[in-house]
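What follows is the content of model_14.cif, which has mmCIF, C-alpha atoms:
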```
data_my_file
loop_
_atom_site.group_PDB
_atom_site.id
_atom_site.type_symbol
_atom_site.label_atom_id
_atom_site.label_comp_id
_atom_site.auth_asym_id
_atom_site.auth_seq_id
_atom_site.Cartn_x
_atom_site.Cartn_y
_atom_site.Cartn_z
ATOM 1 C CA MET P 1 105.583 -56.586 -67.595
ATOM 2 C CA TRP P 2 106.450 -55.051 -64.232
ATOM 3 C CA LYS P 3 110.065 -54.719 -63.182
ATOM 4 C CA LEU P 4 111.197 -53.617 -59.750
ATOM 5 C CA ALA P 5 113.436 -50.566 -59.738
ATOM 6 C CA SER P 6 116.387 -50.223 -57.393
ATOM 7 C CA VAL P 7 115.583 -49.832 -53.713
ATOM 8 C CA ALA P 8 117.988 -46.927 -53.768
ATOM 9 C CA SER P 9 115.269 -44.930 -55.531
ATOM 10 C CA ARG P 10 113.355 -44.749 -52.234
ATOM 11 C CA ARG P 11 112.756 -41.143 -51.210
ATOM 12 C CA ARG P 12 111.480 -39.374 -48.112
ATOM 13 C CA TRP P 13 107.874 -38.324 -48.556
ATOM 14 C CA ARG P 14 107.095 -34.793 -49.573
ATOM 15 C CA ARG P 15 103.891 -33.266 -50.785
ATOM 16 C CA PRO P 16 104.232 -32.296 -54.471
ATOM 17 C CA SER P 17 101.643 -30.186 -56.232
ATOM 18 C CA PRO P 18 100.099 -32.037 -59.171
ATOM 19 C CA ARG P 19 100.422 -30.103 -62.384
ATOM 20 C CA CYS P 20 97.459 -29.758 -64.625
ATOM 21 C CA GLY P 21 97.807 -30.184 -68.325
ATOM 22 C CA ARG P 22 96.337 -28.282 -71.211
ATOM 23 C CA LYS P 23 92.606 -27.942 -71.416
ATOM 24 C CA SER P 24 90.881 -30.359 -73.715
ATOM 25 C CA ARG P 25 88.826 -28.882 -76.501
ATOM 26 C CA PRO P 26 85.286 -28.202 -75.206
ATOM 27 C CA SER P 27 82.588 -30.596 -76.328
ATOM 28 C CA ALA P 28 79.086 -29.559 -77.300
ATOM 29 C CA THR P 29 77.597 -32.471 -75.404
ATOM 30 C CA ARG P 30 79.684 -32.782 -72.243
ATOM 31 C CA PRO P 31 82.395 -30.897 -70.334
ATOM 32 C CA ARG P 32 85.952 -32.112 -70.512
ATOM 33 C CA SER P 33 87.756 -32.772 -67.277
ATOM 34 C CA ARG P 34 91.216 -31.645 -66.259
ATOM 35 C CA VAL P 35 93.757 -34.283 -65.362
ATOM 36 C CA PRO P 36 97.392 -33.981 -64.298
ATOM 37 C CA GLU P 37 99.915 -33.777 -67.100
ATOM 38 C CA MET P 38 102.376 -36.624 -66.607
ATOM 39 C CA HIS P 39 104.952 -37.716 -69.154
ATOM 40 C CA ARG P 40 104.946 -41.468 -69.551
ATOM 41 C CA PRO P 41 108.477 -42.142 -68.248
ATOM 42 C CA GLY P 42 107.858 -40.113 -65.093
ATOM 43 C CA ARG P 43 104.463 -41.692 -64.586
ATOM 44 C CA ARG P 44 105.927 -45.176 -64.845
ATOM 45 C CA ASN P 45 108.952 -44.337 -62.692
ATOM 46 C CA VAL P 46 106.746 -43.181 -59.824
ATOM 47 C CA LEU P 47 104.966 -46.535 -59.888
ATOM 48 C CA LEU P 48 108.177 -48.517 -60.171
ATOM 49 C CA GLY P 49 109.626 -46.513 -57.307
ATOM 50 C CA ALA P 50 106.657 -47.499 -55.170
ATOM 51 C CA LEU P 51 107.188 -51.137 -56.084
ATOM 52 C CA ALA P 52 110.865 -50.854 -55.189
ATOM 53 C CA TRP P 53 109.990 -49.368 -51.841
ATOM 54 C CA ALA P 54 107.578 -52.226 -51.147
ATOM 55 C CA ALA P 55 110.190 -54.780 -52.182
ATOM 56 C CA GLY P 56 112.782 -53.279 -49.858
ATOM 57 C CA ILE P 57 110.644 -53.476 -46.730
ATOM 58 C CA PRO P 58 109.567 -56.945 -45.582
ATOM 59 C CA SER P 59 106.228 -55.982 -44.057
ATOM 60 C CA LEU P 60 104.465 -53.631 -41.727
ATOM 61 C CA ALA P 61 105.086 -54.108 -38.033
ATOM 62 C CA ARG P 62 102.818 -56.842 -36.727
ATOM 63 C CA ALA P 63 102.586 -55.577 -33.149
ATOM 64 C CA SER P 64 100.723 -52.362 -32.415
ATOM 65 C CA SER P 65 102.943 -49.476 -31.359
ATOM 66 C CA PRO P 66 102.251 -48.125 -27.861
ATOM 67 C CA GLY P 67 99.746 -45.297 -27.836
ATOM 68 C CA GLY P 68 101.227 -43.560 -24.795
ATOM 69 C CA GLY P 69 98.313 -44.574 -22.588
ATOM 70 C CA ILE P 70 95.741 -43.225 -25.042
ATOM 71 C CA GLU P 71 92.607 -45.330 -25.086
ATOM 72 C CA PRO P 72 91.963 -46.885 -28.527
ATOM 73 C CA PRO P 73 88.662 -45.829 -30.101
ATOM 74 C CA ILE P 74 85.576 -48.021 -29.974
ATOM 75 C CA LEU P 75 84.587 -48.717 -33.575
ATOM 76 C CA SER P 76 81.529 -50.117 -35.299
ATOM 77 C CA ALA P 77 83.641 -51.413 -38.200
ATOM 78 C CA ARG P 78 84.681 -55.060 -38.039
ATOM 79 C CA HIS P 79 88.174 -54.347 -39.390
ATOM 80 C CA ALA P 80 90.406 -51.300 -38.973
ATOM 81 C CA PHE P 81 94.032 -50.322 -39.302
ATOM 82 C CA ILE P 82 96.311 -47.337 -38.724
ATOM 83 C CA GLY P 83 99.937 -47.597 -39.820
ATOM 84 C CA ASN P 84 102.693 -46.899 -42.283
ATOM 85 C CA LEU P 85 105.697 -48.849 -43.512
ATOM 86 C CA ASN P 86 107.413 -48.644 -40.130
ATOM 87 C CA ASP P 87 104.751 -48.522 -37.424
ATOM 88 C CA THR P 88 101.333 -49.897 -36.603
ATOM 89 C CA LEU P 89 99.291 -47.650 -34.312
ATOM 90 C CA LEU P 90 96.092 -49.697 -34.330
ATOM 91 C CA ALA P 91 94.990 -53.043 -35.761
ATOM 92 C CA VAL P 92 91.496 -54.510 -35.378
ATOM 93 C CA HIS P 93 91.129 -57.891 -37.118
ATOM 94 C CA ALA P 94 93.519 -56.353 -39.654
ATOM 95 C CA ASP P 95 94.845 -59.640 -41.063
ATOM 96 C CA VAL P 96 91.509 -61.117 -42.169
ATOM 97 C CA ALA P 97 90.835 -60.863 -45.919
ATOM 98 C CA VAL P 98 87.310 -59.549 -46.551
ATOM 99 C CA PRO P 99 85.414 -58.013 -49.503
ATOM 100 C CA ILE P 100 86.590 -54.452 -50.170
ATOM 101 C CA ALA P 101 84.068 -53.269 -52.795
ATOM 102 C CA SER P 102 85.182 -50.174 -54.759
ATOM 103 C CA VAL P 103 88.427 -49.822 -52.816
ATOM 104 C CA SER P 104 89.527 -52.341 -55.494
ATOM 105 C CA LYS P 105 89.537 -49.478 -57.997
ATOM 106 C CA LEU P 106 92.881 -48.289 -56.603
ATOM 107 C CA ILE P 107 94.552 -51.409 -58.023
ATOM 108 C CA THR P 108 92.573 -51.044 -61.272
ATOM 109 C CA ALA P 109 93.988 -47.536 -61.709
ATOM 110 C CA LEU P 110 97.509 -48.635 -60.755
ATOM 111 C CA VAL P 111 97.477 -51.412 -63.373
ATOM 112 C CA VAL P 112 96.288 -48.997 -66.080
ATOM 113 C CA LEU P 113 98.909 -46.378 -65.204
ATOM 114 C CA GLY P 114 101.672 -48.957 -64.927
ATOM 115 C CA ALA P 115 100.923 -50.472 -68.339
ATOM 116 C CA ASP P 116 102.096 -47.257 -70.027
ATOM 117 C CA LEU P 117 99.056 -47.189 -72.335
ATOM 118 C CA PRO P 118 98.288 -43.932 -74.196
ATOM 119 C CA LEU P 119 96.276 -41.798 -71.805
ATOM 120 C CA ASP P 120 94.768 -39.809 -74.672
ATOM 121 C CA GLU P 121 93.427 -42.935 -76.405
ATOM 122 C CA LYS P 122 89.667 -42.712 -77.023
ATOM 123 C CA ILE P 123 87.541 -45.493 -75.521
ATOM 124 C CA ARG P 124 83.862 -46.014 -76.359
ATOM 125 C CA ILE P 125 81.446 -47.164 -73.656
ATOM 126 C CA THR P 126 79.767 -50.386 -74.798
ATOM 127 C CA GLU P 127 76.901 -52.616 -73.742
ATOM 128 C CA ASP P 128 79.527 -55.036 -72.423
ATOM 129 C CA ASP P 129 80.699 -52.336 -70.015
ATOM 130 C CA ALA P 130 77.146 -51.860 -68.742
ATOM 131 C CA ARG P 131 76.693 -55.613 -68.375
ATOM 132 C CA LEU P 132 80.023 -56.136 -66.602
ATOM 133 C CA SER P 133 79.173 -53.315 -64.201
ATOM 134 C CA GLN P 134 75.845 -55.051 -63.482
ATOM 135 C CA HIS P 135 73.915 -52.123 -64.996
ATOM 136 C CA THR P 136 74.656 -49.986 -61.940
ATOM 137 C CA ARG P 137 74.045 -46.251 -62.193
ATOM 138 C CA SER P 138 76.646 -44.490 -64.328
ATOM 139 C CA SER P 139 77.416 -41.028 -65.679
ATOM 140 C CA LEU P 140 78.919 -42.563 -68.829
ATOM 141 C CA PRO P 141 76.175 -43.128 -71.448
ATOM 142 C CA LEU P 142 76.370 -46.039 -73.853
ATOM 143 C CA ALA P 143 78.287 -45.123 -77.041
ATOM 144 C CA SER P 144 79.896 -42.080 -75.380
ATOM 145 C CA VAL P 145 83.630 -41.713 -76.013
ATOM 146 C CA TRP P 146 86.198 -40.805 -73.377
ATOM 147 C CA ARG P 147 89.945 -40.513 -73.105
ATOM 148 C CA ARG P 148 91.638 -43.096 -70.921
ATOM 149 C CA ASP P 149 92.757 -40.425 -68.429
ATOM 150 C CA GLU P 150 89.171 -39.162 -68.181
ATOM 151 C CA LEU P 151 87.973 -42.675 -67.400
ATOM 152 C CA LEU P 152 90.571 -42.849 -64.623
ATOM 153 C CA GLU P 153 89.098 -39.670 -63.192
ATOM 154 C CA TRP P 154 85.553 -41.069 -63.289
ATOM 155 C CA LEU P 155 86.903 -44.274 -61.742
ATOM 156 C CA LEU P 156 88.540 -42.724 -58.685
ATOM 157 C CA VAL P 157 86.580 -39.513 -58.110
ATOM 158 C CA ALA P 158 83.019 -40.669 -58.871
ATOM 159 C CA SER P 159 83.664 -44.426 -58.402
ATOM 160 C CA ASP P 160 81.961 -45.138 -61.724
ATOM 161 C CA ASN P 161 81.694 -48.878 -62.372
ATOM 162 C CA ARG P 162 81.383 -48.502 -66.154
ATOM 163 C CA ALA P 163 84.688 -46.646 -66.142
ATOM 164 C CA ALA P 164 86.267 -49.645 -64.401
ATOM 165 C CA ALA P 165 84.784 -52.077 -66.932
ATOM 166 C CA ALA P 166 85.878 -49.948 -69.903
ATOM 167 C CA LEU P 167 89.434 -49.585 -68.595
ATOM 168 C CA ALA P 168 89.754 -53.347 -68.100
ATOM 169 C CA ARG P 169 88.155 -54.155 -71.477
ATOM 170 C CA SER P 170 90.459 -51.761 -73.344
ATOM 171 C CA TYR P 171 93.552 -53.284 -71.738
ATOM 172 C CA PRO P 172 95.579 -55.393 -74.223
ATOM 173 C CA GLY P 173 94.145 -58.892 -73.944
ATOM 174 C CA ASP P 174 90.864 -57.717 -72.355
ATOM 175 C CA TRP P 175 89.794 -58.834 -68.859
ATOM 176 C CA PRO P 176 91.817 -62.087 -68.614
ATOM 177 C CA GLU P 177 95.088 -60.209 -69.174
ATOM 178 C CA PHE P 178 93.948 -57.351 -66.953
ATOM 179 C CA GLN P 179 93.206 -59.756 -64.104
ATOM 180 C CA ARG P 180 96.577 -61.438 -64.646
ATOM 181 C CA ALA P 181 98.269 -58.023 -64.474
ATOM 182 C CA MET P 182 96.418 -57.223 -61.235
ATOM 183 C CA ARG P 183 97.570 -60.453 -59.630
ATOM 184 C CA MET P 184 101.131 -60.035 -60.880
ATOM 185 C CA LEU P 185 101.249 -56.528 -59.456
ATOM 186 C CA ILE P 186 99.997 -57.449 -56.000
ATOM 187 C CA THR P 187 102.415 -60.386 -55.884
ATOM 188 C CA GLN P 188 105.331 -58.071 -56.658
ATOM 189 C CA MET P 189 104.083 -55.640 -54.002
ATOM 190 C CA GLN P 190 103.790 -58.564 -51.535
ATOM 191 C CA LEU P 191 100.106 -57.829 -50.905
ATOM 192 C CA PHE P 192 99.200 -61.485 -50.623
ATOM 193 C CA SER P 193 95.726 -61.051 -49.121
ATOM 194 C CA PHE P 194 94.380 -59.420 -52.305
ATOM 195 C CA ASP P 195 92.231 -61.213 -54.875
ATOM 196 C CA PHE P 196 90.085 -59.937 -57.727
ATOM 197 C CA GLY P 197 86.983 -61.078 -59.584
ATOM 198 C CA ASP P 198 86.392 -57.833 -61.479
ATOM 199 C CA ALA P 199 87.826 -54.345 -61.977
ATOM 200 C CA SER P 200 85.117 -52.444 -60.096
ATOM 201 C CA GLY P 201 84.748 -54.244 -56.769
ATOM 202 C CA LEU P 202 81.159 -55.357 -57.334
ATOM 203 C CA SER P 203 82.354 -58.961 -57.095
ATOM 204 C CA SER P 204 82.645 -60.391 -53.580
ATOM 205 C CA ILE P 205 85.800 -62.150 -54.818
ATOM 206 C CA ASN P 206 87.571 -58.781 -54.572
ATOM 207 C CA ARG P 207 89.186 -59.120 -51.165
ATOM 208 C CA ALA P 208 92.065 -57.856 -49.058
ATOM 209 C CA ASN P 209 92.913 -57.371 -45.424
ATOM 210 C CA ALA P 210 93.130 -53.979 -43.762
ATOM 211 C CA ARG P 211 96.888 -54.236 -43.183
ATOM 212 C CA ASP P 212 97.696 -54.828 -46.865
ATOM 213 C CA LEU P 213 95.390 -51.978 -47.825
ATOM 214 C CA GLY P 214 97.439 -49.807 -45.485
ATOM 215 C CA VAL P 215 100.635 -50.743 -47.336
ATOM 216 C CA LEU P 216 98.994 -49.951 -50.670
ATOM 217 C CA LEU P 217 97.696 -46.558 -49.534
ATOM 218 C CA VAL P 218 101.043 -45.428 -48.128
ATOM 219 C CA LEU P 219 102.746 -46.345 -51.406
ATOM 220 C CA LEU P 220 100.092 -44.620 -53.515
ATOM 221 C CA SER P 221 100.398 -41.486 -51.381
ATOM 222 C CA GLN P 222 103.669 -40.687 -53.210
ATOM 223 C CA ASN P 223 102.004 -40.673 -56.612
ATOM 224 C CA PRO P 224 100.785 -37.269 -57.933
ATOM 225 C CA TRP P 225 98.004 -38.987 -59.887
ATOM 226 C CA PHE P 226 96.461 -40.509 -56.777
ATOM 227 C CA GLN P 227 96.975 -37.292 -54.819
ATOM 228 C CA HIS P 228 95.144 -35.377 -57.547
ATOM 229 C CA PHE P 229 92.211 -37.782 -57.697
ATOM 230 C CA ALA P 230 91.918 -38.006 -53.901
ATOM 231 C CA ARG P 231 91.620 -34.227 -53.523
ATOM 232 C CA LYS P 232 89.533 -33.441 -56.605
ATOM 233 C CA PRO P 233 86.091 -32.364 -55.326
ATOM 234 C CA THR P 234 84.088 -33.102 -58.482
ATOM 235 C CA VAL P 235 84.175 -34.753 -61.890
ATOM 236 C CA GLY P 236 81.495 -33.553 -64.270
ATOM 237 C CA ALA P 237 78.401 -33.025 -62.119
ATOM 238 C CA LYS P 238 79.432 -35.740 -59.655
ATOM 239 C CA MET P 239 80.883 -35.030 -56.226
ATOM 240 C CA ASN P 240 83.907 -36.927 -54.959
ATOM 241 C CA VAL P 241 82.480 -39.849 -53.003
ATOM 242 C CA ASN P 242 85.026 -39.359 -50.188
ATOM 243 C CA ARG P 243 83.849 -36.527 -47.952
ATOM 244 C CA TYR P 244 87.435 -35.781 -46.878
ATOM 245 C CA ALA P 245 88.177 -34.584 -50.417
ATOM 246 C CA HIS P 246 86.045 -31.546 -49.562
ATOM 247 C CA ASP P 247 87.783 -30.801 -46.242
ATOM 248 C CA HIS P 248 90.804 -28.555 -46.786
ATOM 249 C CA SER P 249 92.024 -29.162 -43.236
ATOM 250 C CA VAL P 250 92.756 -32.802 -44.134
ATOM 251 C CA ALA P 251 96.118 -33.485 -45.837
ATOM 252 C CA LEU P 252 94.626 -36.253 -47.976
ATOM 253 C CA LEU P 253 97.128 -38.015 -50.249
ATOM 254 C CA ALA P 254 95.241 -41.051 -51.565
ATOM 255 C CA GLY P 255 91.996 -42.785 -50.792
ATOM 256 C CA LYS P 256 88.894 -44.649 -51.896
ATOM 257 C CA THR P 257 85.482 -45.451 -50.482
ATOM 258 C CA GLY P 258 83.522 -48.619 -51.151
ATOM 259 C CA PHE P 259 80.189 -50.276 -50.510
ATOM 260 C CA THR P 260 78.464 -53.539 -51.351
ATOM 261 C CA SER P 261 76.130 -55.600 -49.204
ATOM 262 C CA GLU P 262 78.936 -58.152 -48.694
ATOM 263 C CA ALA P 263 81.645 -55.573 -47.922
ATOM 264 C CA GLY P 264 79.597 -53.112 -45.900
ATOM 265 C CA TYR P 265 80.813 -49.510 -45.907
ATOM 266 C CA CYS P 266 84.574 -49.183 -46.453
ATOM 267 C CA LEU P 267 87.083 -46.346 -46.555
ATOM 268 C CA ALA P 268 90.846 -46.544 -46.969
ATOM 269 C CA GLN P 269 92.990 -43.427 -47.195
ATOM 270 C CA ALA P 270 96.474 -42.043 -46.575
ATOM 271 C CA GLU P 271 97.065 -38.710 -44.875
ATOM 272 C CA ALA P 272 99.985 -36.570 -43.801
ATOM 273 C CA PHE P 273 100.170 -36.083 -40.034
ATOM 274 C CA GLY P 274 102.927 -33.578 -39.467
ATOM 275 C CA ASP P 275 105.910 -34.915 -41.415
ATOM 276 C CA GLN P 276 104.673 -38.522 -41.437
ATOM 277 C CA VAL P 277 102.231 -40.381 -43.660
ATOM 278 C CA PHE P 278 99.793 -42.888 -42.180
ATOM 279 C CA ALA P 279 97.175 -45.097 -43.769
ATOM 280 C CA LEU P 280 93.781 -45.331 -42.083
ATOM 281 C CA VAL P 281 91.471 -48.180 -43.049
ATOM 282 C CA VAL P 282 87.864 -48.917 -42.078
ATOM 283 C CA LEU P 283 86.223 -52.069 -43.472
ATOM 284 C CA HIS P 284 82.683 -53.350 -43.014
ATOM 285 C CA ALA P 285 81.127 -50.452 -41.130
ATOM 286 C CA ARG P 286 77.371 -50.867 -40.785
ATOM 287 C CA ASP P 287 76.322 -47.661 -42.583
ATOM 288 C CA ARG P 288 77.688 -44.455 -44.087
ATOM 289 C CA GLN P 289 77.381 -42.497 -40.844
ATOM 290 C CA ALA P 290 79.135 -45.216 -38.837
ATOM 291 C CA ARG P 291 81.953 -45.268 -41.395
ATOM 292 C CA ALA P 292 82.355 -41.495 -41.038
ATOM 293 C CA ARG P 293 82.395 -41.692 -37.226
ATOM 294 C CA ASP P 294 84.926 -44.515 -37.303
ATOM 295 C CA MET P 295 87.261 -42.648 -39.646
ATOM 296 C CA ASP P 296 86.967 -39.488 -37.548
ATOM 297 C CA ALA P 297 87.863 -41.591 -34.495
ATOM 298 C CA LEU P 298 90.893 -43.118 -36.260
ATOM 299 C CA ARG P 299 92.105 -39.683 -37.335
ATOM 300 C CA ARG P 300 91.702 -38.297 -33.806
ATOM 301 C CA TYR P 301 93.507 -41.294 -32.289
ATOM 302 C CA THR P 302 96.382 -40.887 -34.765
ATOM 303 C CA ARG P 303 96.822 -37.212 -33.923
ATOM 304 C CA LEU P 304 96.732 -37.874 -30.177
ATOM 305 C CA THR P 305 99.173 -40.780 -30.439
ATOM 306 C CA LEU P 306 101.604 -38.646 -32.446
ATOM 307 C CA GLY P 307 101.285 -35.750 -29.991
ATOM 308 C CA LEU P 308 99.585 -33.463 -32.502
ATOM 309 C CA GLY P 309 96.521 -32.669 -30.377
ATOM 310 C CA ASN P 310 92.881 -33.262 -31.296
#
```
Represent the structure of the file as structure tokens.
Amino acid sequence: MWKLASVASRRRWRRPSPRCGRKSRPSATRPRSRVPEMHRPGRRNVLLGALAWAAGIPSLARASSPGGGIEPPILSARHAFIGNLNDTLLAVHADVAVPIASVSKLITALVVLGADLPLDEKIRITEDDARLSQHTRSSLPLASVWRRDELLEWLLVASDNRAAAALARSYPGDWPEFQRAMRMLITQMQLFSFDFGDASGLSSINRANARDLGVLLVLLSQNPWFQHFARKPTVGAKMNVNRYAHDHSVALLAGKTGFTSEAGYCLAQAEAFGDQVFALVVLHARDRQARARDMDALRRYTRLTLGLGN
């Protein structure tokens, strides 16, 4: 299903502006969302280019880069990582695979986009979707109908678990084939710490280490879809669950929060710092406030290490 493109397609990062498509016809019962207009070949090529980039680079640096005498931050999170495809600035138990909760939804979205399925296809929310999402709170009522691209928006902006279940169920071959596609994708991207028990991250089987999440985030930072979803402040009446989506001083390029009792509070994101992109990962923080403090500390440490000031 997935084929690696030539490594020669690797490009230096630049920050494109996602284009928005035509407005959907208004509905009497619910507002339609705006999603980026991406032709299928271009959409697929961006993903294949990311895979080629991953294939051409063996791994992230295993030893932390010197911080120029800057004291590393003291974190409450059990696992943390700062790095890109060339450098590691900080690694705290970054090679231990742990539950990642809704951060899993990044791979769910990548599988859907990479399968080249019609984004305007209508998908009905079913009782199976509610059951598979463990009847967690959702903005998608039973029997409501949504386009696939709208479900992607609910997935990544509002972290809706029914959206994850519906996207996996509507994949050709249902969940077994979707799970197979997830595992095939992470194998091709050499993200060997990943595993999946569902599409939403509610399952404690959904695991990865902080270093592999860093690789994933840096690769996704090139993709206009993930840039769009990371920065979008709302979907429907729901706020983006990542507070950095609402901070215009942050050059956010991709990201996802997560929480379950097994995973604790998680946040993985990629940002531009000057002309470089770095992934910042916090896993298993004790509460939402601790996660926010830890991410602020990682961002500050990155800026100081790169000589960009506070």
What would the selection look like, as a PyMOL selection string, if the PyMOL selection byres ((chain P and resi 198) around 9) were run on the coordinates I just shared? chain P and resi 104+132-133+164-165+168+175+179+196-197+199-203+205-206
In Å, how far is it from CA of Phe194 in chain P to CA of Asp296 in chain P?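 If I compute the distance from CA of Phe194 in chain P to CA of Asp296 in chain P, I get 25.9 Å.
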Record the distance separating CA of Val277 in chain P and CA of Ala181 in chain P, expressed in Å with one decimal. 27.6 Å
If you apply the PyMOL selection byres ((chain P and resi 242) around 8) to this file, what residues do you get, as a VMD selection string? chain P and resid 230 240 to 241 243 to 246 255 to 257
Would you translate the PyMOL selection byres ((chain P and resi 287-289) around 10) into the concrete set of residues it matches in this file, as JSON, numbers by chain? {"P": [76, 77, 259, 264, 265, 266, 267, 284, 285, 286, 290, 291, 292, 293, 294, 295]}
Output C-alpha atoms of each residue in that selection to a file, as a PDB file, keeping the file's coordinate frame.
```pdb
ATOM      1  CA  SER P  76      81.529 -50.117 -35.299  1.00  0.00           C
ATOM      2  CA  ALA P  77      83.641 -51.413 -38.200  1.00  0.00           C
ATOM      3  CA  PHE P 259      80.189 -50.276 -50.510  1.00  0.00           C
ATOM      4  CA  GLY P 264      79.597 -53.112 -45.900  1.00  0.00           C
ATOM      5  CA  TYR P 265      80.813 -49.510 -45.907  1.00  0.00           C
ATOM      6  CA  CYS P 266      84.574 -49.183 -46.453  1.00  0.00           C
ATOM      7  CA  LEU P 267      87.083 -46.346 -46.555  1.00  0.00           C
ATOM      8  CA  HIS P 284      82.683 -53.350 -43.014  1.00  0.00           C
ATOM      9  CA  ALA P 285      81.127 -50.452 -41.130  1.00  0.00           C
ATOM     10  CA  ARG P 286      77.371 -50.867 -40.785  1.00  0.00           C
ATOM     11  CA  ALA P 290      79.135 -45.216 -38.837  1.00  0.00           C
ATOM     12  CA  ARG P 291      81.953 -45.268 -41.395  1.00  0.00           C
ATOM     13  CA  ALA P 292      82.355 -41.495 -41.038  1.00  0.00           C
ATOM     14  CA  ARG P 293      82.395 -41.692 -37.226  1.00  0.00           C
ATOM     15  CA  ASP P 294      84.926 -44.515 -37.303  1.00  0.00           C
ATOM     16  CA  MET P 295      87.261 -42.648 -39.646  1.00  0.00           C
TER      17      MET P 295
END
```
For Asp87 in chain P, which residue out of P:Ala297, P:Leu152, P:Val218, P:Ile74 is the nearest one, using only C-alpha atoms? P:Val218
Using all atoms listed in the file, determine which residues lie at most 8 Å from Gly83 in chain P, disregarding the query and same-chain residues fewer than 6 positions distant; provide the list as JSON, numbers by chain. {"P": [60, 89, 90, 214, 278, 279, 280]}
Counting all atoms listed in the file, which residue out of P:Val215, P:Ile123, P:Ala208, P:Val235 sits closest to Arg169 in chain P?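 Of P:Val215, P:Ile123, P:Ala208, P:Val235, the one nearest Arg169 in chain P, counting all atoms listed in the file, is P:Ile123.
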From P:Val92, P:Trp154, P:Pro224, P:Val250, residue lying nearest Pro72 in chain P [all atoms listed in the file]: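 Of P:Val92, P:Trp154, P:Pro224, P:Val250, the one nearest Pro72 in chain P is P:Val92, counting all atoms listed in the file.
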Could you jot down the CA of Ile82 in chain P to CA of Val96 in chain P separation for me, Å, one decimal place?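 The value is 15.0 Å.
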Let me make sure I understand: among P:Ala143, P:Ala158, P:Leu117, P:Ile107, which one has the smallest atom-to-atom distance to Met184 in chain P if we use only C-alpha atoms?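 Going through P:Ala143, P:Ala158, P:Leu117, P:Ile107 one by one, the smallest distance to Met184 in chain P is for P:Ile107.
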Between P:Ala80, P:Met239, P:Ala163, P:Ala97, which one has atoms that come closest to Ser204 in chain P, using only C-alpha atoms?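 Closest to Ser204 in chain P of all the choices is P:Ala97.
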Pick the closest to Leu191 in chain P from P:Leu213, P:Ala109, P:Leu156, P:Val98: which is it, counting only C-alpha atoms?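 Of P:Leu213, P:Ala109, P:Leu156, P:Val98, the one nearest Leu191 in chain P, counting only C-alpha atoms, is P:Leu213.
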